[in-house]
>>> print(open('structure03.txt').read())   # compact mmCIF, C-alpha atoms
# COMPACT_ATOMS: atom_id res chain seq x y z
CA MET A 185 -34.05 11.35 -12.01
CA SER A 186 -32.82 8.64 -9.69
CA SER A 187 -33.53 8.11 -5.98
CA THR A 188 -32.84 5.40 -3.46
CA SER A 189 -34.39 3.91 -0.35
CA VAL A 190 -33.16 1.27 2.08
CA VAL A 191 -34.36 -2.35 1.86
CA TYR A 192 -33.06 -5.54 3.47
CA LEU A 193 -31.92 -8.72 1.75
CA LYS A 194 -31.23 -12.04 3.44
CA ASP A 195 -27.51 -12.80 3.15
CA HIS A 196 -27.16 -16.59 3.15
CA ASN A 197 -23.42 -16.61 3.81
CA ALA A 198 -23.65 -14.31 6.82
CA GLY A 199 -26.97 -15.78 7.93
CA LYS A 200 -28.46 -12.36 8.56
CA PHE A 201 -30.30 -9.49 6.93
CA ILE A 202 -28.16 -6.95 5.19
CA GLU A 203 -28.86 -3.38 4.06
CA ALA A 204 -29.36 -2.75 0.36
CA ASN A 205 -30.49 0.17 -1.81
CA LEU A 206 -33.66 0.13 -3.85
CA ILE A 207 -32.93 2.42 -6.81
CA ASP A 208 -35.84 4.04 -8.63
CA GLY A 209 -34.70 5.37 -11.98
CA LEU A 210 -31.54 3.49 -12.84
CA THR A 211 -28.95 5.20 -14.97
CA ARG A 212 -27.52 3.66 -18.13
CA GLU A 213 -24.26 3.15 -16.19
CA ASP A 214 -26.13 1.14 -13.51
CA VAL A 215 -27.67 -1.09 -16.16
CA GLU A 216 -24.39 -1.54 -18.04
CA LYS A 217 -22.68 -2.49 -14.78
CA ALA A 218 -25.40 -5.04 -14.05
CA GLU A 219 -25.08 -6.54 -17.53
CA ALA A 220 -21.29 -6.66 -17.20
CA ASP A 221 -21.61 -8.55 -13.89
CA TRP A 222 -24.55 -10.80 -14.77
CA THR A 223 -23.75 -11.94 -18.31
CA PRO A 224 -20.37 -13.68 -17.72
CA PHE A 225 -21.74 -15.37 -14.58
CA LEU A 226 -24.85 -16.54 -16.43
CA ASP A 227 -22.82 -17.72 -19.44
CA GLU A 228 -20.53 -19.68 -17.14
CA GLN A 229 -23.47 -21.35 -15.39
CA VAL A 230 -25.16 -22.23 -18.69
CA LYS A 231 -21.88 -23.72 -19.92
CA ARG A 232 -21.62 -25.77 -16.72
CA MET A 233 -25.22 -26.96 -17.17
CA GLU A 234 -24.50 -27.97 -20.74
CA GLU A 235 -21.32 -29.84 -19.77
CA THR A 236 -22.98 -31.67 -16.89
CA GLY A 237 -25.98 -32.71 -18.98
CA VAL A 238 -28.60 -30.57 -17.28
CA PRO A 239 -31.69 -30.70 -19.55
CA ARG A 240 -32.16 -27.54 -21.59
CA ARG A 241 -35.61 -26.95 -20.08
CA GLN A 242 -33.87 -26.35 -16.72
CA TRP A 243 -31.53 -23.70 -18.09
CA PRO A 244 -32.50 -20.16 -17.07
CA GLN A 245 -35.23 -19.10 -19.46
CA HIS A 246 -34.37 -15.41 -19.21
CA ARG A 247 -30.72 -15.96 -20.21
CA HIS A 248 -31.28 -14.03 -23.47
CA TRP A 249 -32.65 -10.89 -21.74
CA ASN A 250 -30.52 -7.85 -22.41
CA TRP A 251 -31.25 -5.14 -19.87
CA ARG A 252 -29.22 -2.53 -21.69
CA ASP A 253 -31.47 -2.94 -24.73
CA LYS A 254 -34.55 -2.70 -22.50
CA TYR A 255 -33.18 0.48 -20.95
CA ASP A 256 -32.43 2.02 -24.35
CA ALA A 257 -35.88 1.07 -25.67
CA THR A 258 -37.80 2.64 -22.77
CA GLU A 259 -35.73 5.45 -21.26
CA GLU A 260 -37.54 8.15 -23.26
CA TYR A 261 -41.00 7.18 -22.04
CA LEU A 262 -42.75 8.67 -19.02
CA ALA A 263 -44.77 5.47 -18.76
CA TYR A 264 -41.81 3.20 -17.93
CA ARG A 265 -39.98 2.98 -14.61
CA MET A 266 -36.88 0.85 -14.06
CA PHE A 267 -35.92 -0.27 -10.55
CA GLY A 268 -32.85 -2.04 -9.23
CA ILE A 269 -31.60 -3.37 -5.92
CA GLU A 270 -27.96 -2.65 -5.21
CA CYS A 271 -25.98 -4.41 -2.51
CA GLN A 272 -22.22 -4.90 -2.02
CA SER A 273 -21.57 -2.76 -5.12
CA GLN A 274 -23.56 -5.06 -7.40
CA ILE A 275 -27.06 -4.94 -8.80
CA GLN A 276 -28.94 -7.87 -7.21
CA GLY A 277 -32.18 -7.54 -9.17
CA LEU A 278 -33.85 -5.47 -11.88
CA MET A 279 -37.45 -4.67 -12.79
CA LEU A 280 -39.10 -2.72 -15.60
CA VAL A 281 -42.67 -1.54 -15.01
CA LEU A 282 -45.20 0.07 -17.37
CA THR A 283 -47.55 2.51 -15.63
CA ALA A 284 -49.98 3.42 -18.41
CA GLY A 285 -52.33 1.71 -20.82
CA LYS A 286 -52.77 -1.68 -19.12
CA ASN A 287 -56.08 -2.72 -17.58
CA SER A 288 -57.15 -5.58 -15.36
CA LYS A 289 -58.67 -8.71 -16.91
CA ILE A 290 -59.98 -10.17 -13.66
CA PRO A 291 -63.81 -9.93 -13.78
CA SER A 292 -64.13 -8.06 -10.45
CA GLN A 293 -61.50 -5.50 -11.56
CA LYS A 294 -62.09 -5.52 -15.30
CA GLY A 295 -61.04 -2.35 -17.13
CA LYS A 296 -59.37 -0.77 -14.11
CA PRO A 297 -55.75 0.26 -14.58
CA LEU A 298 -52.81 -1.72 -13.28
CA ALA A 299 -49.04 -1.53 -13.17
CA TYR A 300 -47.64 -4.04 -15.65
CA VAL A 301 -44.36 -5.69 -14.68
CA HIS A 302 -42.70 -6.04 -18.06
CA PHE A 303 -39.53 -7.72 -16.81
CA LEU A 304 -38.26 -8.80 -13.41
CA ALA A 305 -35.08 -10.73 -12.70
CA ALA A 306 -32.78 -11.46 -9.79
CA ALA A 307 -29.04 -11.56 -10.41
CA PRO A 308 -28.09 -15.09 -11.54
CA TRP A 309 -26.05 -15.79 -8.36
CA ASN A 310 -29.27 -15.29 -6.35
CA LEU A 311 -31.26 -17.95 -8.20
CA ALA A 312 -31.61 -21.36 -6.57
CA SER A 313 -32.42 -22.79 -9.99
CA ILE A 314 -28.91 -21.86 -11.17
CA VAL A 315 -26.58 -22.04 -8.18
CA ALA A 316 -26.53 -24.46 -5.26
CA GLU A 317 -26.13 -21.68 -2.72
CA PRO A 318 -27.76 -18.38 -3.67
CA ARG A 319 -26.10 -15.30 -2.16
CA PHE A 320 -29.18 -13.25 -1.32
CA SER A 321 -32.87 -14.01 -1.04
CA LEU A 322 -35.92 -11.70 -1.00
CA VAL A 323 -34.83 -9.89 -4.18
CA GLY A 324 -37.91 -10.97 -6.16
CA SER A 325 -40.29 -10.34 -3.24
CA ILE A 326 -38.93 -6.82 -2.71
CA LEU A 327 -39.33 -6.03 -6.41
CA VAL A 328 -42.92 -7.34 -6.46
CA ALA A 329 -43.66 -5.28 -3.33
CA THR A 330 -42.15 -2.27 -5.10
CA ALA A 331 -44.46 -2.80 -8.08
CA ILE A 332 -47.43 -2.98 -5.67
CA HIS A 333 -46.38 0.27 -3.97
CA LEU A 334 -45.94 1.90 -7.37
CA SER A 335 -49.43 0.74 -8.31
CA MET A 336 -50.78 2.32 -5.12
CA GLU A 337 -48.89 5.54 -5.79
CA GLU A 338 -50.56 5.64 -9.22
CA GLU A 339 -54.01 5.11 -7.55
CA PHE A 340 -54.27 1.57 -9.01
CA GLN A 341 -54.85 0.19 -5.50
CA GLY A 342 -52.07 -2.36 -5.72
CA ARG A 343 -53.25 -4.02 -8.94
CA ILE A 344 -50.33 -5.44 -10.92
CA GLY A 345 -50.12 -7.77 -13.92
CA LEU A 346 -47.36 -9.72 -15.66
CA HIS A 347 -46.56 -12.52 -18.06
CA SER A 348 -44.45 -15.20 -16.42
CA LEU A 349 -41.76 -17.44 -17.85
CA PRO A 350 -42.71 -21.09 -17.16
CA GLN A 351 -39.92 -21.48 -14.58
CA SER A 352 -41.48 -18.69 -12.51
CA ASP A 353 -45.16 -19.69 -12.79
CA ASP A 354 -45.24 -21.43 -9.41
CA TRP A 355 -43.50 -18.55 -7.67
CA TYR A 356 -46.04 -15.99 -8.87
CA ARG A 357 -48.94 -18.38 -8.19
CA LYS A 358 -47.93 -19.75 -4.80
CA THR A 359 -45.45 -17.34 -3.21
CA CYS A 360 -47.01 -14.13 -4.52
CA GLY A 361 -50.58 -15.43 -4.44
CA MET A 362 -51.43 -13.96 -7.85
CA THR A 363 -54.36 -15.08 -9.96
CA ASP A 364 -53.34 -17.26 -12.89
CA LEU A 365 -55.40 -16.24 -15.94
CA GLY A 366 -53.82 -18.90 -18.15
CA PRO A 367 -51.71 -18.82 -21.30
CA ASP A 368 -51.86 -15.67 -23.42
CA GLN A 369 -51.63 -16.43 -27.13
CA THR A 370 -50.66 -12.84 -27.85
CA VAL A 371 -47.54 -13.05 -25.67
CA GLN A 372 -45.72 -16.25 -26.69
CA ASN A 373 -48.33 -18.30 -24.85
CA LEU A 374 -46.84 -17.22 -21.51
CA ARG A 375 -49.22 -17.46 -18.54
CA TYR A 376 -50.70 -14.13 -17.51
CA PHE A 377 -50.93 -13.34 -13.78
CA GLU A 378 -52.66 -10.55 -11.93
CA MET A 379 -52.82 -9.34 -8.38
CA THR A 380 -56.03 -7.77 -7.07
CA PRO A 381 -56.00 -5.06 -4.37
CA GLU A 382 -56.90 -7.73 -1.82
CA GLN A 383 -54.08 -10.03 -2.96
CA ALA A 384 -51.70 -7.07 -2.90
CA SER A 385 -52.65 -6.32 0.72
CA GLY A 386 -52.14 -9.98 1.57
CA PHE A 387 -48.71 -10.00 -0.08
CA LEU A 388 -47.54 -6.91 1.81
CA ARG A 389 -48.81 -8.17 5.18
CA MET B 177 -39.87 -0.91 -0.19
CA GLU B 178 -41.94 1.99 -1.49
CA PRO B 179 -40.72 3.51 -4.74
CA ALA B 180 -38.48 6.30 -3.62
CA GLY B 181 -38.70 8.31 -6.77
CA THR B 182 -41.94 10.18 -6.18
CA PRO B 183 -40.90 13.46 -7.75
CA SER B 184 -41.99 16.86 -6.47
CA ARG B 185 -45.19 17.87 -8.20
CA LYS B 186 -46.37 21.10 -9.71
CA THR B 187 -49.95 22.31 -9.81
CA MET B 188 -51.75 23.81 -12.79
CA THR B 189 -55.25 25.03 -13.54
CA LEU B 190 -56.99 23.28 -16.38
CA ASN B 191 -59.72 24.89 -18.46
CA LEU B 192 -62.09 22.35 -20.01
CA THR B 193 -65.43 22.60 -21.76
CA GLU B 194 -68.42 21.00 -20.09
CA THR B 195 -68.22 18.08 -22.55
CA GLU B 196 -64.53 17.56 -21.91
CA MET B 197 -65.08 17.72 -18.16
CA LYS B 198 -67.89 15.15 -18.49
CA ALA B 199 -65.53 12.82 -20.40
CA LEU B 200 -62.91 13.28 -17.69
CA ASP B 201 -65.46 12.62 -14.94
CA ASP B 202 -66.66 9.48 -16.74
CA LEU B 203 -63.12 8.14 -17.17
CA SER B 204 -62.35 8.92 -13.54
CA ALA B 205 -65.43 6.97 -12.43
CA THR B 206 -64.88 4.04 -14.80
CA LYS B 207 -61.20 3.65 -13.98
CA ASP B 208 -61.72 4.38 -10.28
CA ILE B 209 -58.89 6.91 -10.19
CA SER B 210 -58.84 10.68 -9.67
CA LYS B 211 -59.07 13.11 -12.57
CA THR B 212 -55.41 13.98 -12.01
CA ALA B 213 -54.49 10.31 -12.38
CA VAL B 214 -56.54 10.06 -15.59
CA LEU B 215 -54.70 13.02 -17.08
CA ARG B 216 -51.36 11.61 -15.95
CA GLN B 217 -52.21 8.36 -17.76
CA ALA B 218 -53.30 10.27 -20.85
CA LEU B 219 -50.07 12.27 -20.90
CA ARG B 220 -47.89 9.17 -20.62
CA LEU B 221 -49.72 7.44 -23.46
CA TYR B 222 -49.70 10.56 -25.63
CA GLN B 223 -45.98 11.07 -25.04
CA MET B 224 -45.27 7.42 -25.93
CA ILE B 225 -47.31 7.70 -29.13
CA GLU B 226 -45.57 10.93 -30.11
CA VAL B 227 -42.09 9.46 -29.62
CA ARG B 228 -42.93 6.36 -31.64
CA MET B 229 -44.61 8.30 -34.44
CA ALA B 230 -41.61 10.60 -34.63
CA ARG B 231 -39.60 7.46 -35.34
CA GLY B 232 -41.85 6.73 -38.30
CA GLU B 233 -44.16 4.20 -36.63
CA LYS B 234 -47.96 4.15 -37.05
CA LEU B 235 -50.72 3.52 -34.52
CA PHE B 236 -53.33 0.87 -35.35
CA PHE B 237 -56.38 -0.58 -33.66
CA GLU B 238 -57.09 -4.25 -34.35
CA HIS B 239 -60.52 -5.80 -33.91
CA ASP B 240 -60.25 -8.64 -31.42
CA ILE B 241 -62.31 -11.09 -33.51
CA THR B 242 -62.13 -10.00 -37.16
CA LYS B 243 -58.47 -8.89 -36.81
CA GLU B 244 -59.38 -5.95 -39.04
CA LYS B 245 -56.88 -3.12 -38.60
CA ALA B 246 -57.60 0.61 -38.66
CA GLU B 247 -54.97 3.28 -38.45
CA LEU B 248 -55.54 5.93 -35.81
CA MET B 249 -54.84 9.30 -37.41
CA MET B 250 -52.98 11.61 -35.07
CA LEU B 251 -52.69 15.34 -35.49
>>> encode(input="structure03.txt", output="structure tokens")
Amino acid sequence: MSSTSVVYLKDHNAGKFIEANLIDGLTREDVEKAEADWTPFLDEQVKRMEETGVPRRQWPQHRHWNWRDKYDATEEYLAYRMFGIECQSQIQGLMLVLTAGKNSKIPSQKGKPLAYVHFLAAAPWNLASIVAEPRFSLVGSILVATAIHLSMEEEFQGRIGLHSLPQSDDWYRKTCGMTDLGPDQTVQNLRYFEMTPEQASGFLR
Amino acid sequence: MEPAGTPSRKTMTLNLTETEMKALDDLSATKDISKTAVLRQALRLYQMIEVRMARGEKLFFEHDITKEKAELMML
């Protein structure tokens, strides 16, 4: 079952905040539409990067993510929730969250449940690492705030955890203020980040 | 920014033995969540396991150090 609430993105062209919809419980059609919009844009940008000699390490590291496959793999499970932000008839960001079976690794919170952000991505035209002038900002922040609220709704007190792609490490560490627990050998050596209830309160403030 | 999908909830009475209730109380205290939240977690995990086992997958525990694997037998 799908529902929406109003959020606000910063529109860089208009120089003002603009109304958007936070969708909880995306349909397969929503996800297919997002893939259909995102993939050609991303492919075009990667091609441009290749042609202009941009080092491969600067290419978007999540370019291989297929959200339709993620939807198909998780839609049956109660434990997964997929969120999207829709604005101007396009999906501006997507997030998949697991709400069962993950516990905190931070010593002060050890063993207590958290919401695990499996995947989070802004639309490629919103990423400053890909385009010179991103269309909308705040997409990632709104999705992280949504994960925190979901964690609270589940009585996890705002605790969230995630594995970050290297290009996003600094954003989770500095902008989100999450605790960096270092590389996780069990998940492709990606760095594992967590947010405590206190950090979650600080982020939402 | 709050998740908008909080569905309407239904209430049920649960009959548990004293031992089962003690286990539920202990989990509630350890995890620092209500008994309802514990049972919600349990249901989500159970449902996930059931779906995957119906697809022919098995559930294993692996020892963190020895890497020894043991299959969890489900009814």
>>> closest_atom_pairs(input="structure03.txt", of="chain A", to="chain B", cutoff="7 Å", atoms="all atoms listed in the file", output="CSV")
residue,atom,partner,partner_atom,distance
A:Ser186,CA,B:Gly181,CA,6.6
A:Ser187,CA,B:Gly181,CA,5.2
A:Thr188,CA,B:Ala180,CA,5.7
A:Ser189,CA,B:Ala180,CA,5.8
A:Val191,CA,B:Met177,CA,6.1
A:Asp208,CA,B:Gly181,CA,5.5
A:Tyr261,CA,B:Met224,CA,5.8
A:Leu262,CA,B:Arg220,CA,5.4
A:Ala263,CA,B:Arg220,CA,5.2
A:Ala284,CA,B:Gln217,CA,5.5
A:Gly285,CA,B:Leu221,CA,6.8
A:Gly295,CA,B:Lys207,CA,6.8
A:Lys296,CA,B:Lys207,CA,4.8
A:Pro297,CA,B:Lys207,CA,6.4
A:Ile326,CA,B:Met177,CA,6.5
A:Ala329,CA,B:Met177,CA,6.6
A:Thr330,CA,B:Met177,CA,5.6
A:His333,CA,B:Glu178,CA,5.4
A:Leu334,CA,B:Pro179,CA,6.1
A:Glu338,CA,B:Ala213,CA,6.9
A:Glu339,CA,B:Ile209,CA,5.8
>>> residues_around(input="structure03.txt", residues="range 269-278 of chain A", least_positions_apart="6", cutoff="7 Å", atoms="only C-alpha atoms", output="PyMOL selection string")
chain A and resi 204-207+218+304-307+323
>>> write_last_selection(input="structure03.txt", atoms="C-alpha atoms", output="PDB file, keeping the file's coordinate frame")
ATOM      1  CA  ALA A 204     -29.360  -2.750   0.360  1.00  0.00           C
ATOM      2  CA  ASN A 205     -30.490   0.170  -1.810  1.00  0.00           C
ATOM      3  CA  LEU A 206     -33.660   0.130  -3.850  1.00  0.00           C
ATOM      4  CA  ILE A 207     -32.930   2.420  -6.810  1.00  0.00           C
ATOM      5  CA  ALA A 218     -25.400  -5.040 -14.050  1.00  0.00           C
ATOM      6  CA  LEU A 304     -38.260  -8.800 -13.410  1.00  0.00           C
ATOM      7  CA  ALA A 305     -35.080 -10.730 -12.700  1.00  0.00           C
ATOM      8  CA  ALA A 306     -32.780 -11.460  -9.790  1.00  0.00           C
ATOM      9  CA  ALA A 307     -29.040 -11.560 -10.410  1.00  0.00           C
ATOM     10  CA  VAL A 323     -34.830  -9.890  -4.180  1.00  0.00           C
TER      11      VAL A 323
END
>>> atom_distance(input="structure03.txt", atom1="CA of Trp249 in chain A", atom2="CA of Gln372 in chain A")
15.0 Å
>>> atom_distance(input="structure03.txt", atom1="CA of Gly324 in chain A", atom2="CA of His246 in chain A")
14.2 Å
>>> atom_distance(input="structure03.txt", atom1="CA of Glu216 in chain A", atom2="CA of Pro308 in chain A")
15.5 Å
>>> residues_around(input="structure03.txt", residues="Gln242 in chain A", least_positions_apart="6", cutoff="12 Å", atoms="all atoms listed in the file", output="mmCIF file with C-alpha atoms, in the coordinates of the input")
data_model
loop_
_atom_site.group_PDB
_atom_site.id
_atom_site.type_symbol
_atom_site.label_atom_id
_atom_site.label_comp_id
_atom_site.auth_asym_id
_atom_site.auth_seq_id
_atom_site.Cartn_x
_atom_site.Cartn_y
_atom_site.Cartn_z
ATOM 1 C CA GLN A 229 -23.470 -21.350 -15.390
ATOM 2 C CA VAL A 230 -25.160 -22.230 -18.690
ATOM 3 C CA MET A 233 -25.220 -26.960 -17.170
ATOM 4 C CA GLU A 234 -24.500 -27.970 -20.740
ATOM 5 C CA ALA A 312 -31.610 -21.360 -6.570
ATOM 6 C CA SER A 313 -32.420 -22.790 -9.990
ATOM 7 C CA ILE A 314 -28.910 -21.860 -11.170
ATOM 8 C CA LEU A 349 -41.760 -17.440 -17.850
ATOM 9 C CA PRO A 350 -42.710 -21.090 -17.160
ATOM 10 C CA GLN A 351 -39.920 -21.480 -14.580
ATOM 11 C CA SER A 352 -41.480 -18.690 -12.510
#
>>> residues_around(input="structure03.txt", residues="Leu200 in chain B", least_positions_apart="4", cutoff="9 Å", atoms="only C-alpha atoms", output="compact mmCIF listing (two decimals) with C-alpha atoms, keeping the file's coordinate frame")
# COMPACT_ATOMS: atom_id res chain seq x y z
CA THR B 195 -68.22 18.08 -22.55
CA GLU B 196 -64.53 17.56 -21.91
CA SER B 204 -62.35 8.92 -13.54
CA ALA B 205 -65.43 6.97 -12.43
CA LYS B 211 -59.07 13.11 -12.57
CA VAL B 214 -56.54 10.06 -15.59
CA LEU B 215 -54.70 13.02 -17.08
>>> closest_residue(input="structure03.txt", among="B:Lys234, B:Asp202, B:Lys186, B:Thr212", to="Ala246 in chain B", atoms="only C-alpha atoms")
B:Lys234
>>> closest_residue(input="structure03.txt", among="A:Pro381, A:Gly345, A:Pro224, A:Gly237", to="His302 in chain A", atoms="all atoms listed in the file")
A:Gly345
>>> residues_around(input="structure03.txt", residues="Phe237 in chain B", least_positions_apart="3", cutoff="12 Å", atoms="all atoms listed in the file", output="list in words")
Lys234, Asp240, Thr242, Lys243, Glu244, Lys245, Ala246, Glu247, Leu248 and Met249 of chain B
